[in-house]
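The structure appears below as structure tokens.
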Amino acid sequence: MELHDKIKMMASEIKDDVIAIRRELHKNPELSFKEYRTSAFIKASLDELGIPWVSIANTGVLATIENQPDSGEIIALRADIDALPIQEETGFEFQSINPGVMHACGHDVHTASLLGVARILQLLKSEFKGTVKLIFQPGEEILPGGATKLIKEGALSNPKVQTIIGQHVMPSLTSGKVAIRKGKMMASMDEIRITVKGKGGHGAQPHENRDPVIAASMMIVALQQVISRHSDPRIPSVLSFGKVIVNGAINIIPDSVHVEGTFRTFDESWRDRAHGIIKNMASSIVSGLNCSCEVDIKKGYPSLYNNEKLTDAIHSFMKEYAGPQNVLEADIWMASDDFAYYSQQVDACYYMLGTGFEDKTNGSLHTSTLEINEEALEFGMGLMAYLAMRNLLQ
């Protein structure tokens, strides 16, 4: 039997078990770096499979499957395990039981899928030479990101990893399809926090106040020119503000306004220059309106780069497993992922796993109504297991 047919059969046989794992994880989500129950569940699952593991970065888990490790490649497969601070509104039987916490980015799918991959590779380990490291990573959703902690604690060393592969669910892509792109894949991400300070007072007496609401409003609108008038249009960039805190009332002008947003791009030189432009423009605009501001820009994840040689090989393996018609060219994605830190250390490939439905919409990532087509779990774990095997058998 061909390897891809064997793995497809194995994935089909354990599909229901992996879906049950996904639902258990979905029902019990935990926020970044607080994934204690999730970590314990992963460890217990690995124990059942007879796969050795160690704790890493507190709530992370690093497992190893190997056969003749001194004579083969060393590859890593990564799944992130944390959830988001979102109140779920799906109404599923396995909806989150933790108020205000939801697996709204598919990390439950990533984790369940990797546990399925672990089961397949453990059964097939006599057929390859080398080592597979399974990285169950905490804290992808908040800075500084769990990847940095795992790298510092040796996840990619002892023994040294040559290749790392990761996947991310994509609701806009139909289940059974996958999208991949070599080179620049995902954007960098920086957090912006601005406090505009004025002098509050009665809304009926604006002439006696220094209105930070007006200043913050004009600042937010004007800062869109950072992209439209300062950025080279050939460099993808995004500047978005998603949080504005104004603690006033209909007749109360507050003393200050707090604004939070994000800046994303693919060019490090422009990234640094943009930070300065944002600070100077914000200060100039609010000072012209008789206010002042404090601007804090926290540099986050770098852009994610897929190694071209590795990605070409992965692309070819995907077509072997899924058929050429189901392997698509991914667009660049302005979202960010701390998998980018791994891509700075070793050859890396990150791809998009379709989790959408043919006949209905299923919500988007980071929303309270995200729905995953669970048929994608069978395809996703089989595909990743095949990619690992093909890399080891080259």
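Each chain of the structure tokens is named A, B, ... in the order shown, its residues numbered from 1; ligands are numbered from 1 in display order.
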message = With DSSP run on the backbone, what are the helix (DSSP H, G or I) residues within stretch 142-311 of chain A? I'd like them as a ChimeraX atom specification.
response = /A:146-152,206-208,212-222,225-230,268-287,308-311
May I have the residues from that selection written out with N, CA and C atoms, as a compact mmCIF listing (two decimals), in the first residue's frame?
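The file below, selection.txt, is the result:
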```txt
# COMPACT_ATOMS: atom_id res chain seq x y z
N GLY A 146 4.68 32.46 23.17
CA GLY A 146 5.28 31.26 23.74
C GLY A 146 6.46 30.74 22.95
N ALA A 147 6.50 31.03 21.65
CA ALA A 147 7.60 30.53 20.82
C ALA A 147 8.95 31.01 21.34
N THR A 148 9.04 32.26 21.75
CA THR A 148 10.31 32.79 22.25
C THR A 148 10.76 32.04 23.50
N LYS A 149 9.80 31.71 24.36
CA LYS A 149 10.13 30.99 25.58
C LYS A 149 10.61 29.57 25.26
N LEU A 150 9.93 28.90 24.33
CA LEU A 150 10.32 27.54 23.98
C LEU A 150 11.69 27.50 23.33
N ILE A 151 11.96 28.49 22.48
CA ILE A 151 13.28 28.54 21.82
C ILE A 151 14.38 28.73 22.87
N LYS A 152 14.14 29.63 23.83
CA LYS A 152 15.13 29.87 24.88
C LYS A 152 15.36 28.63 25.74
N PRO A 206 -17.46 73.88 26.66
CA PRO A 206 -16.25 73.36 26.00
C PRO A 206 -15.11 74.37 25.95
N HIS A 207 -15.44 75.65 25.99
CA HIS A 207 -14.40 76.68 25.89
C HIS A 207 -13.51 76.71 27.13
N GLU A 208 -13.99 76.09 28.22
CA GLU A 208 -13.19 76.06 29.44
C GLU A 208 -12.38 74.77 29.57
N PRO A 212 -9.98 66.10 25.03
CA PRO A 212 -9.17 65.00 24.50
C PRO A 212 -9.96 64.09 23.55
N VAL A 213 -11.29 64.16 23.62
CA VAL A 213 -12.11 63.33 22.73
C VAL A 213 -11.96 63.80 21.28
N ILE A 214 -12.07 65.10 21.07
CA ILE A 214 -11.89 65.67 19.73
C ILE A 214 -10.47 65.41 19.25
N ALA A 215 -9.50 65.62 20.14
CA ALA A 215 -8.09 65.44 19.75
C ALA A 215 -7.83 63.98 19.37
N ALA A 216 -8.34 63.04 20.16
CA ALA A 216 -8.13 61.62 19.87
C ALA A 216 -8.83 61.22 18.57
N SER A 217 -10.02 61.76 18.35
CA SER A 217 -10.76 61.44 17.13
C SER A 217 -10.00 61.89 15.89
N MET A 218 -9.53 63.11 15.90
CA MET A 218 -8.79 63.64 14.76
C MET A 218 -7.46 62.91 14.58
N MET A 219 -6.86 62.52 15.68
CA MET A 219 -5.60 61.79 15.62
C MET A 219 -5.80 60.43 14.94
N ILE A 220 -6.85 59.71 15.32
CA ILE A 220 -7.11 58.39 14.75
C ILE A 220 -7.31 58.49 13.24
N VAL A 221 -8.11 59.46 12.82
CA VAL A 221 -8.37 59.63 11.39
C VAL A 221 -7.09 60.02 10.65
N ALA A 222 -6.34 60.96 11.20
CA ALA A 222 -5.14 61.45 10.53
C ALA A 222 -4.05 60.37 10.44
N GLN A 225 -3.05 58.25 7.40
CA GLN A 225 -2.13 58.73 6.38
C GLN A 225 -0.74 58.11 6.51
N VAL A 226 -0.47 57.48 7.65
CA VAL A 226 0.81 56.76 7.78
C VAL A 226 0.92 55.72 6.67
N ILE A 227 -0.19 55.07 6.37
CA ILE A 227 -0.20 54.06 5.31
C ILE A 227 -0.40 54.71 3.94
N SER A 228 -1.37 55.60 3.83
CA SER A 228 -1.73 56.11 2.50
C SER A 228 -0.74 57.12 1.93
N ARG A 229 0.06 57.78 2.80
CA ARG A 229 0.95 58.83 2.30
C ARG A 229 2.41 58.68 2.69
N HIS A 230 2.73 57.75 3.56
CA HIS A 230 4.13 57.57 3.96
C HIS A 230 4.70 56.22 3.55
N GLU A 268 11.06 45.27 7.60
CA GLU A 268 11.57 45.67 8.91
C GLU A 268 12.05 47.13 8.93
N SER A 269 12.66 47.59 7.85
CA SER A 269 13.12 48.97 7.80
C SER A 269 11.94 49.93 7.86
N TRP A 270 10.92 49.67 7.07
CA TRP A 270 9.71 50.50 7.09
C TRP A 270 9.01 50.39 8.43
N ARG A 271 9.02 49.23 9.01
CA ARG A 271 8.39 49.01 10.33
C ARG A 271 8.95 49.98 11.35
N ASP A 272 10.28 50.06 11.43
CA ASP A 272 10.91 50.95 12.40
C ASP A 272 10.62 52.42 12.09
N ARG A 273 10.67 52.78 10.81
CA ARG A 273 10.40 54.17 10.42
C ARG A 273 8.96 54.56 10.72
N ALA A 274 8.05 53.63 10.51
CA ALA A 274 6.63 53.91 10.76
C ALA A 274 6.36 54.21 12.23
N HIS A 275 7.08 53.53 13.11
CA HIS A 275 6.90 53.79 14.53
C HIS A 275 7.19 55.25 14.86
N GLY A 276 8.26 55.77 14.29
CA GLY A 276 8.60 57.17 14.53
C GLY A 276 7.56 58.11 13.95
N ILE A 277 7.05 57.81 12.76
CA ILE A 277 6.03 58.65 12.14
C ILE A 277 4.77 58.66 12.98
N ILE A 278 4.36 57.51 13.48
CA ILE A 278 3.16 57.43 14.31
C ILE A 278 3.32 58.29 15.56
N LYS A 279 4.46 58.20 16.20
CA LYS A 279 4.68 58.98 17.42
C LYS A 279 4.68 60.48 17.13
N ASN A 280 5.40 60.90 16.09
CA ASN A 280 5.49 62.32 15.77
C ASN A 280 4.14 62.89 15.33
N MET A 281 3.41 62.13 14.51
CA MET A 281 2.13 62.62 14.01
C MET A 281 1.12 62.73 15.14
N ALA A 282 1.07 61.72 16.00
CA ALA A 282 0.12 61.75 17.12
C ALA A 282 0.38 62.94 18.02
N SER A 283 1.65 63.16 18.34
CA SER A 283 2.01 64.27 19.22
C SER A 283 1.68 65.61 18.59
N SER A 284 1.98 65.75 17.30
CA SER A 284 1.74 67.03 16.62
C SER A 284 0.26 67.36 16.53
N ILE A 285 -0.55 66.36 16.21
CA ILE A 285 -1.98 66.61 16.03
C ILE A 285 -2.65 66.99 17.34
N VAL A 286 -2.38 66.25 18.41
CA VAL A 286 -3.07 66.55 19.67
C VAL A 286 -2.53 67.84 20.29
N SER A 287 -1.26 68.14 20.08
CA SER A 287 -0.73 69.39 20.63
C SER A 287 -1.34 70.59 19.93
N GLU A 308 12.01 28.78 1.05
CA GLU A 308 11.56 28.49 -0.31
C GLU A 308 11.83 27.05 -0.73
N LYS A 309 13.00 26.52 -0.44
CA LYS A 309 13.31 25.15 -0.83
C LYS A 309 12.41 24.15 -0.10
N LEU A 310 12.26 24.34 1.21
CA LEU A 310 11.40 23.46 1.99
C LEU A 310 9.96 23.56 1.53
N THR A 311 9.48 24.77 1.28
CA THR A 311 8.08 24.96 0.89
C THR A 311 7.80 24.35 -0.47
```
- Task: Pick out the residues sitting within 9 Å of A:Ile56, and hand them over as a ChimeraX atom specification; count only C-alpha atoms, and ignore anything fewer than 5 positions along from it in its own chain.
- Result: /A:61-62,137,149-150,153-155
List every residue of stretch 274-305 of chain A that has an atom at most 8 Å from any atom of stretch 181-189 of chain A, giving for each one its closest atom pair and the distance in Å to one decimal, counting only C-alpha atoms, sorted by chain and then by ascending residue number, as a Markdown table.
```
| residue | atom | partner | partner_atom | distance |
| --- | --- | --- | --- | --- |
| A:Lys299 | CA | A:Met189 | CA | 7.1 |
| A:Gly300 | CA | A:Met189 | CA | 5.1 |
| A:Tyr301 | CA | A:Met189 | CA | 5.3 |
| A:Pro302 | CA | A:Ser188 | CA | 4.2 |
| A:Ser303 | CA | A:Ser188 | CA | 4.0 |
| A:Leu304 | CA | A:Met186 | CA | 4.9 |
| A:Tyr305 | CA | A:Lys184 | CA | 4.6 |
```
Got time to write the residues from that selection, all heavy atoms, as a PDB file, in the first residue's frame?
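Now in again_31.pdb:
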```pdb
ATOM      1  N   LYS A 299       6.968  46.440  20.259  1.00  0.00           N
ATOM      2  CA  LYS A 299       7.318  45.654  19.079  1.00  0.00           C
ATOM      3  C   LYS A 299       6.996  44.189  19.330  1.00  0.00           C
ATOM      4  O   LYS A 299       7.447  43.598  20.308  1.00  0.00           O
ATOM      5  CB  LYS A 299       8.800  45.834  18.750  1.00  0.00           C
ATOM      6  CG  LYS A 299       9.159  45.482  17.316  1.00  0.00           C
ATOM      7  CD  LYS A 299      10.550  45.991  16.970  1.00  0.00           C
ATOM      8  CE  LYS A 299      10.866  45.787  15.493  1.00  0.00           C
ATOM      9  NZ  LYS A 299      12.186  46.336  15.133  1.00  0.00           N
ATOM     10  N   GLY A 300       6.203  43.622  18.431  1.00  0.00           N
ATOM     11  CA  GLY A 300       5.755  42.255  18.595  1.00  0.00           C
ATOM     12  C   GLY A 300       6.419  41.282  17.643  1.00  0.00           C
ATOM     13  O   GLY A 300       7.606  41.391  17.342  1.00  0.00           O
ATOM     14  N   TYR A 301       5.624  40.347  17.132  1.00  0.00           N
ATOM     15  CA  TYR A 301       6.160  39.277  16.310  1.00  0.00           C
ATOM     16  C   TYR A 301       6.716  39.799  14.988  1.00  0.00           C
ATOM     17  O   TYR A 301       6.162  40.733  14.403  1.00  0.00           O
ATOM     18  CB  TYR A 301       5.077  38.240  15.997  1.00  0.00           C
ATOM     19  CG  TYR A 301       4.370  37.690  17.216  1.00  0.00           C
ATOM     20  CD1 TYR A 301       3.084  37.171  17.114  1.00  0.00           C
ATOM     21  CD2 TYR A 301       4.976  37.686  18.474  1.00  0.00           C
ATOM     22  CE1 TYR A 301       2.427  36.657  18.229  1.00  0.00           C
ATOM     23  CE2 TYR A 301       4.333  37.190  19.581  1.00  0.00           C
ATOM     24  CZ  TYR A 301       3.057  36.671  19.457  1.00  0.00           C
ATOM     25  OH  TYR A 301       2.418  36.173  20.557  1.00  0.00           O
ATOM     26  N   PRO A 302       7.779  39.193  14.487  1.00  0.00           N
ATOM     27  CA  PRO A 302       8.289  39.562  13.162  1.00  0.00           C
ATOM     28  C   PRO A 302       7.407  38.954  12.080  1.00  0.00           C
ATOM     29  O   PRO A 302       6.478  38.181  12.368  1.00  0.00           O
ATOM     30  CB  PRO A 302       9.686  38.944  13.148  1.00  0.00           C
ATOM     31  CG  PRO A 302       9.565  37.747  14.043  1.00  0.00           C
ATOM     32  CD  PRO A 302       8.596  38.147  15.129  1.00  0.00           C
ATOM     33  N   SER A 303       7.673  39.276  10.829  1.00  0.00           N
ATOM     34  CA  SER A 303       6.939  38.642   9.738  1.00  0.00           C
ATOM     35  C   SER A 303       7.385  37.192   9.599  1.00  0.00           C
ATOM     36  O   SER A 303       8.518  36.837   9.949  1.00  0.00           O
ATOM     37  CB  SER A 303       7.146  39.405   8.421  1.00  0.00           C
ATOM     38  OG  SER A 303       8.516  39.488   8.094  1.00  0.00           O
ATOM     39  N   LEU A 304       6.484  36.373   9.106  1.00  0.00           N
ATOM     40  CA  LEU A 304       6.730  34.929   9.001  1.00  0.00           C
ATOM     41  C   LEU A 304       7.190  34.601   7.590  1.00  0.00           C
ATOM     42  O   LEU A 304       6.526  34.951   6.612  1.00  0.00           O
ATOM     43  CB  LEU A 304       5.451  34.171   9.346  1.00  0.00           C
ATOM     44  CG  LEU A 304       5.543  32.670   9.623  1.00  0.00           C
ATOM     45  CD1 LEU A 304       4.304  32.221  10.398  1.00  0.00           C
ATOM     46  CD2 LEU A 304       5.673  31.834   8.358  1.00  0.00           C
ATOM     47  N   TYR A 305       8.309  33.900   7.506  1.00  0.00           N
ATOM     48  CA  TYR A 305       8.908  33.579   6.212  1.00  0.00           C
ATOM     49  C   TYR A 305       8.980  32.070   6.026  1.00  0.00           C
ATOM     50  O   TYR A 305       9.552  31.352   6.855  1.00  0.00           O
ATOM     51  CB  TYR A 305      10.323  34.182   6.131  1.00  0.00           C
ATOM     52  CG  TYR A 305      10.993  34.007   4.793  1.00  0.00           C
ATOM     53  CD1 TYR A 305      10.785  34.934   3.772  1.00  0.00           C
ATOM     54  CD2 TYR A 305      11.825  32.923   4.544  1.00  0.00           C
ATOM     55  CE1 TYR A 305      11.403  34.776   2.534  1.00  0.00           C
ATOM     56  CE2 TYR A 305      12.444  32.758   3.315  1.00  0.00           C
ATOM     57  CZ  TYR A 305      12.223  33.692   2.318  1.00  0.00           C
ATOM     58  OH  TYR A 305      12.831  33.526   1.091  1.00  0.00           O
TER      59      TYR A 305
END
```
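Around A:Glu13, within 12 Å and counting only C-alpha atoms, the residues found are Lys6, Ile7, Lys8, Met9, Asp17, Val18, Ile19, Gly116, Arg119, Ile120, Glu378, Phe379, Met381 and Gly382 of chain A, once anything fewer than 4 positions away on its own chain is removed.
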Go ahead and write the selection's residues with N, CA and C atoms as an mmCIF file, in the first residue's frame.
```cif
data_model
loop_
_atom_site.group_PDB
_atom_site.id
_atom_site.type_symbol
_atom_site.label_atom_id
_atom_site.label_comp_id
_atom_site.auth_asym_id
_atom_site.auth_seq_id
_atom_site.Cartn_x
_atom_site.Cartn_y
_atom_site.Cartn_z
ATOM 1 N N LYS A 6 -2.021 4.539 3.147
ATOM 2 C CA LYS A 6 -1.944 3.969 4.494
ATOM 3 C C LYS A 6 -2.293 5.021 5.542
ATOM 4 N N ILE A 7 -1.734 6.230 5.384
ATOM 5 C CA ILE A 7 -1.990 7.285 6.362
ATOM 6 C C ILE A 7 -3.447 7.748 6.288
ATOM 7 N N LYS A 8 -4.004 7.837 5.106
ATOM 8 C CA LYS A 8 -5.417 8.201 4.981
ATOM 9 C C LYS A 8 -6.305 7.186 5.705
ATOM 10 N N MET A 9 -5.992 5.920 5.580
ATOM 11 C CA MET A 9 -6.763 4.883 6.248
ATOM 12 C C MET A 9 -6.637 5.029 7.767
ATOM 13 N N ASP A 17 -12.193 9.719 17.329
ATOM 14 C CA ASP A 17 -11.458 9.969 18.573
ATOM 15 C C ASP A 17 -10.863 11.375 18.583
ATOM 16 N N VAL A 18 -10.327 11.798 17.456
ATOM 17 C CA VAL A 18 -9.700 13.121 17.380
ATOM 18 C C VAL A 18 -10.755 14.219 17.448
ATOM 19 N N ILE A 19 -11.913 13.997 16.849
ATOM 20 C CA ILE A 19 -13.004 14.969 16.968
ATOM 21 C C ILE A 19 -13.431 15.095 18.427
ATOM 22 N N GLY A 116 -3.507 13.611 16.930
ATOM 23 C CA GLY A 116 -3.790 12.592 15.923
ATOM 24 C C GLY A 116 -2.548 12.231 15.133
ATOM 25 N N ARG A 119 -0.355 9.964 17.126
ATOM 26 C CA ARG A 119 -0.832 8.572 17.126
ATOM 27 C C ARG A 119 -0.412 7.845 15.847
ATOM 28 N N ILE A 120 -0.541 8.525 14.723
ATOM 29 C CA ILE A 120 -0.167 7.913 13.443
ATOM 30 C C ILE A 120 1.337 7.665 13.375
ATOM 31 N N GLU A 378 -9.717 15.021 10.037
ATOM 32 C CA GLU A 378 -9.202 13.809 9.400
ATOM 33 C C GLU A 378 -8.172 14.169 8.333
ATOM 34 N N PHE A 379 -8.520 15.129 7.485
ATOM 35 C CA PHE A 379 -7.613 15.556 6.424
ATOM 36 C C PHE A 379 -6.366 16.212 7.010
ATOM 37 N N MET A 381 -4.857 16.046 10.067
ATOM 38 C CA MET A 381 -3.855 15.224 10.761
ATOM 39 C C MET A 381 -3.175 14.256 9.797
ATOM 40 N N GLY A 382 -3.930 13.728 8.831
ATOM 41 C CA GLY A 382 -3.328 12.837 7.848
ATOM 42 C C GLY A 382 -2.287 13.551 7.010
#
```
Notebook entry, point to check: Do you know which residues are at most 9 Å from A:Gly176 counting only C-alpha atoms, after dropping those on the same chain fewer than 2 positions away, and could you put them as an MDAnalysis selection string?
Noted result: chainID A and resid 173:174 178 322 326 353:356 375:376 379:380
Go ahead and save the residues from that selection, with C-alpha atoms, as a PDB file, in the first residue's frame.
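Here's the written file out-v4.pdb:
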```pdb
ATOM      1  CA  LEU A 173     -11.113  27.742   2.696  1.00  0.00           C
ATOM      2  CA  THR A 174     -13.272  24.653   2.195  1.00  0.00           C
ATOM      3  CA  VAL A 178      -4.955  23.488   1.796  1.00  0.00           C
ATOM      4  CA  ALA A 322      -4.450  15.684  -1.427  1.00  0.00           C
ATOM      5  CA  ASN A 326      -6.871  20.686  -3.534  1.00  0.00           C
ATOM      6  CA  LEU A 353      -5.798  24.211   6.493  1.00  0.00           C
ATOM      7  CA  GLY A 354      -9.305  24.607   5.068  1.00  0.00           C
ATOM      8  CA  THR A 355     -12.018  24.278   7.726  1.00  0.00           C
ATOM      9  CA  GLY A 356     -14.958  25.823   5.866  1.00  0.00           C
ATOM     10  CA  GLU A 375     -14.246  16.850   8.691  1.00  0.00           C
ATOM     11  CA  ALA A 376     -11.072  18.903   8.358  1.00  0.00           C
ATOM     12  CA  PHE A 379      -7.613  15.556   6.424  1.00  0.00           C
ATOM     13  CA  GLY A 380      -5.452  17.855   8.551  1.00  0.00           C
TER      14      GLY A 380
END
```
### Task
Can you check which residues of stretch 60-164 of chain A DSSP gives as strand (DSSP E or B) on the backbone and send them as a count of residues only?
28
If you count only C-alpha atoms, the residue of A:Ser240, A:Ser32, A:Thr361, A:Asn306 closest to A:Phe339 turns out to be A:Asn306
Min atom-atom distance to A:Phe357 from the set A:His258, A:Asn373, A:Gly288, A:Gly201, counting only C-alpha atoms, belongs to A:Asn373
*Name all residues at most 8 Å from stretch 158-171 of chain A (count only C-alpha atoms; drop same-chain ones fewer than 4 positions away) and give them as JSON, numbers by chain.*
{"A": [73, 74, 75, 76, 77, 78, 79, 105, 106, 109, 110, 154, 339, 342, 343, 346, 347, 348, 349, 350, 351, 352, 353, 354, 355, 356, 362, 363, 364, 365, 371, 372]}
Report the distance between atom CA of A:Val295 and atom CA of A:Ile194 in Å, rounded to one decimal place.
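The value is 4.5 Å.
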With only C-alpha atoms counted and 7 Å as the cut-off, give the residues of stretch 56-86 of chain A in contact with stretch 33-41 of chain A, each with its shortest interatomic distance in Å and the pair that gives it, as a Markdown table.
```
| residue | atom | partner | partner_atom | distance |
| --- | --- | --- | --- | --- |
| A:Thr59 | CA | A:Ser39 | CA | 5.7 |
| A:Gly60 | CA | A:Ser39 | CA | 6.5 |
| A:Val61 | CA | A:Ser39 | CA | 6.8 |
| A:Asp82 | CA | A:Glu35 | CA | 6.4 |
```
With N, CA, C and O atoms retained, export the selected residues as a short mmCIF file (atom, residue, chain, number, x, y, z; two decimals), in the first residue's frame.
```
data_model
loop_
_atom_site.label_atom_id
_atom_site.label_comp_id
_atom_site.auth_asym_id
_atom_site.auth_seq_id
_atom_site.Cartn_x
_atom_site.Cartn_y
_atom_site.Cartn_z
N THR A 59 3.59 25.73 30.79
CA THR A 59 2.42 24.97 30.34
C THR A 59 2.61 24.32 28.98
O THR A 59 1.68 23.70 28.46
N GLY A 60 3.77 24.45 28.40
CA GLY A 60 4.04 23.81 27.12
C GLY A 60 4.43 22.35 27.30
O GLY A 60 4.80 21.91 28.39
N VAL A 61 4.32 21.59 26.22
CA VAL A 61 4.68 20.18 26.23
C VAL A 61 5.52 19.89 24.99
O VAL A 61 5.15 20.26 23.88
N ASP A 82 -3.44 27.81 23.22
CA ASP A 82 -4.18 28.79 24.03
C ASP A 82 -5.44 29.28 23.34
O ASP A 82 -5.61 29.13 22.13
#
```
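The smallest atom-to-atom distance between A:Phe241 and any of A:Arg210, A:Asp359, A:Ala204, A:Arg193, using only C-alpha atoms, is found for A:Arg193.
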Skipping near chain neighbours, those fewer than 2 positions away, what residues fall within 12 Å of stretch 90-93 of chain A using only C-alpha atoms, listed as a list in words?
-> Arg23, Glu24, His26, Lys27, Ile86, Gln87, Glu88, Gln95, Ser96, Ile97, Met102, His103, Ala104, Asn362, Gly363, Thr367, Ser368, Thr369, Leu370, Glu371 and Ile372 of chain A
